[in-house]
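Report on one structure; see the data block that follows.
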Amino acid sequence: MRIDVLTLFPEVFERFLSTSIIGRAVARGIVTVRLTNFRDFATGVHRSVDDRPFGGGPGMVLMCPPLIDALESVEATAEGGPTRVLLTPQGERLTQAVVRDLSSVPWLILICGHYEGFDERIRAIVAQRPGAREISIGDFVLSGGEPAAMVLIDAVVRLLPGALGDEQSAESESFSEGLLEYPQYTRPRAFRGLEVPEVLISGDHARIAAWRREQAVRRTQDRRPDLLESDN
Ligand code: ADE
């Protein structure tokens, strides 16, 4: 998979892209991530990327020309249709179903905003292209799209074949079947008086599977009953 990120702060991605599972996926060539600073496309002495809102009001608004020029320059670097994603609190909510969907495309372009928001025409121009989406990582406002892009990259890349050491682990965890994950234990068998459930050391794989399923359902009922009614 190829991922392009349009951002004013490419440096914040560097450690993230070289660490742990994502770092390994990059090193193995499972994903290629390119960072483009759209300030490089700004003109004028100040290389401004934002300006005051028409009509007044607080804050600054990202202007169209540098961002759209940057987007078009990235689009021109390869054949094929990328999936363009604008990261914004106004987008559809990121869920494991959306993540799964995005992990199946060959090329993602992630657009990170900053300041008070995007000029609405950025939204309109991106939306005209096929495969465009606006995505929010939750009902809160970040000061920029960068943490949201990292969340999305992390969730997507770990689903790519070969990204996790153990192919099964992405499949059996929280949300992949619409349930939270069952409780996990490792050594030691007793810690501060807390014992590992006996079933897990029984060696009886059918009983273990049944116990895990029951725990996952119970935990989902207790903590996130909404998941039992949705198709996440
Ligand atoms: N940019 C600012 N807040 C955001 C959010 N909640 N999700 C995605 N992008 C954002």
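For the structure tokens, the naming scheme is as follows: chains receive sequential letters (A, B, ...) according to their order of presentation, residues are indexed from 1 within each chain, and ligands are indexed from 1 in presentation order.
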
### Message
I need the residues in range 3-230 of chain A that are strand (DSSP E or B) according to DSSP; give them as an NGL selection string.
### Response
:A and (3-7 or 32-37 or 50-51 or 61-62 or 83-93 or 107-112 or 114 or 117-118 or 132-136 or 144 or 190-191 or 194-195)

### Task
Kindly provide, as a PyMOL selection string, all nucleotide and amino acid residues lying within 6 Å of ligand 1, counting only C-alpha atoms and all ligand atoms.
chain A and resi 87-89+135-145+148

### Message
Restricting the calculation to only C-alpha atoms: of A:Gly203, A:Gly131, A:Pro183, A:Pro65, which residue gets closest to Arg218 in chain A?
### Response
A:Pro183

### Query
Which one of A:Ile22, A:Ile125, A:Ala206, A:Leu67 sits closest to Arg158 in chain A if you count only C-alpha atoms?
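Closest to Arg158 in chain A, using only C-alpha atoms: A:Ile22.
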
Compile the contact shell of Leu86 in chain A as a PDB file with N, CA and C atoms, in the first residue's frame: residues with an atom at most 9 Å away, counting only C-alpha atoms, same-chain residues fewer than 5 positions apart removed.
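What landed in selection_21.pdb:
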```pdb
ATOM      1  N   GLY A  91     -16.264  14.680   9.785  1.00  0.00           N
ATOM      2  CA  GLY A  91     -16.363  13.519   8.910  1.00  0.00           C
ATOM      3  C   GLY A  91     -17.135  12.363   9.515  1.00  0.00           C
ATOM      4  N   ILE A 109      -4.531   8.979   0.162  1.00  0.00           N
ATOM      5  CA  ILE A 109      -3.970  10.324   0.383  1.00  0.00           C
ATOM      6  C   ILE A 109      -4.704  10.913   1.574  1.00  0.00           C
ATOM      7  N   LEU A 110      -3.963  11.206   2.634  1.00  0.00           N
ATOM      8  CA  LEU A 110      -4.554  11.762   3.856  1.00  0.00           C
ATOM      9  C   LEU A 110      -4.252  13.254   3.911  1.00  0.00           C
ATOM     10  N   ILE A 111      -5.280  14.051   4.146  1.00  0.00           N
ATOM     11  CA  ILE A 111      -5.120  15.504   4.161  1.00  0.00           C
ATOM     12  C   ILE A 111      -5.380  16.013   5.575  1.00  0.00           C
ATOM     13  N   CYS A 112      -4.337  16.596   6.170  1.00  0.00           N
ATOM     14  CA  CYS A 112      -4.429  17.094   7.551  1.00  0.00           C
ATOM     15  C   CYS A 112      -4.649  18.592   7.543  1.00  0.00           C
ATOM     16  N   GLY A 113      -5.708  19.015   8.204  1.00  0.00           N
ATOM     17  CA  GLY A 113      -5.956  20.447   8.350  1.00  0.00           C
ATOM     18  C   GLY A 113      -5.264  20.992   9.581  1.00  0.00           C
ATOM     19  N   ARG A 123     -12.942  21.288   0.678  1.00  0.00           N
ATOM     20  CA  ARG A 123     -13.871  20.178   0.898  1.00  0.00           C
ATOM     21  C   ARG A 123     -14.627  19.831  -0.392  1.00  0.00           C
ATOM     22  N   VAL A 126     -12.217  18.308  -3.092  1.00  0.00           N
ATOM     23  CA  VAL A 126     -11.838  16.925  -2.746  1.00  0.00           C
ATOM     24  C   VAL A 126     -13.042  16.008  -2.972  1.00  0.00           C
ATOM     25  N   ALA A 132     -13.523   9.879  -2.463  1.00  0.00           N
ATOM     26  CA  ALA A 132     -13.174  10.874  -1.441  1.00  0.00           C
ATOM     27  C   ALA A 132     -13.996  10.640  -0.184  1.00  0.00           C
ATOM     28  N   ARG A 133     -13.361  10.815   0.968  1.00  0.00           N
ATOM     29  CA  ARG A 133     -14.074  10.659   2.236  1.00  0.00           C
ATOM     30  C   ARG A 133     -13.612  11.724   3.210  1.00  0.00           C
ATOM     31  N   GLU A 134     -14.507  12.074   4.114  1.00  0.00           N
ATOM     32  CA  GLU A 134     -14.118  12.897   5.262  1.00  0.00           C
ATOM     33  C   GLU A 134     -14.247  12.000   6.469  1.00  0.00           C
ATOM     34  N   ILE A 135     -13.200  11.954   7.292  1.00  0.00           N
ATOM     35  CA  ILE A 135     -13.203  11.038   8.430  1.00  0.00           C
ATOM     36  C   ILE A 135     -12.828  11.779   9.713  1.00  0.00           C
ATOM     37  N   SER A 136     -13.560  11.469  10.769  1.00  0.00           N
ATOM     38  CA  SER A 136     -13.283  11.976  12.118  1.00  0.00           C
ATOM     39  C   SER A 136     -12.883  10.797  12.982  1.00  0.00           C
ATOM     40  N   GLY A 145      -4.992  17.780  12.037  1.00  0.00           N
ATOM     41  CA  GLY A 145      -5.355  16.432  11.605  1.00  0.00           C
ATOM     42  C   GLY A 145      -4.252  15.404  11.801  1.00  0.00           C
TER      43      GLY A 145
END
```

### Task
Can you list, as a PyMOL selection string, all residues belonging to range 100-216 of chain A that DSSP tags as helix (DSSP H, G or I)?
chain A and resi 100-102+120-128+146-157+198-201+205-216

#### Entry: Residues within 12 Å of Leu6 in chain A, only C-alpha atoms, excluding chain neighbours under 2 positions, as an MDAnalysis selection string
chainID A and resid 3:4 8:11 13 33:41 66:75 84:87 108:114 144:146 149

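With only C-alpha atoms as the atoms that count, the minimum distance from Val12 in chain A to the choices A:Pro147, A:Pro197, A:Gly81, A:Pro53 is reached by A:Pro147.
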
#### Entry: Selected residue of minimal separation from Val49 in chain A among A:Arg24, A:Tyr115, A:Gln221, A:Val5, counting only C-alpha atoms
A:Tyr115

### Task
Measuring atom to atom with only C-alpha atoms, identify which of A:Tyr185, A:Phe191, A:Phe118, A:Phe175 is nearest to Val61 in chain A.
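Closest to Val61 in chain A of all the choices is A:Phe118.
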
### Query
How far is it from CA of Ala210 in chain A to CA of Glu229 in chain A, in Å with one decimal?
21.8 Å

### Task
Might you pull out every residue within 9 Å of Trp211 in chain A, with only C-alpha atoms counted and same-chain residues fewer than 6 positions away left off, and present them as a list in words?
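The contact residues come out as Tyr182, Val199 and Leu200 of chain A.
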
Prev. selection, C-alpha atoms, output as a CSV table (one decimal), in the first residue's frame:
```csv
chain,number,residue,atom,x,y,z
A,182,TYR,CA,-11.8,-11.4,25.9
A,199,VAL,CA,-9.9,-23.0,32.2
A,200,LEU,CA,-6.9,-21.3,30.5
```

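The spacing separating CA of Val45 in chain A from CA of Cys64 in chain A amounts to 17.4 Å.
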
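Minimum atom-to-atom distances from A:Val217, A:Met63, A:Val156, A:Met1 to Ile30 in chain A were compared using only C-alpha atoms, and the lowest value belongs to A:Met1.
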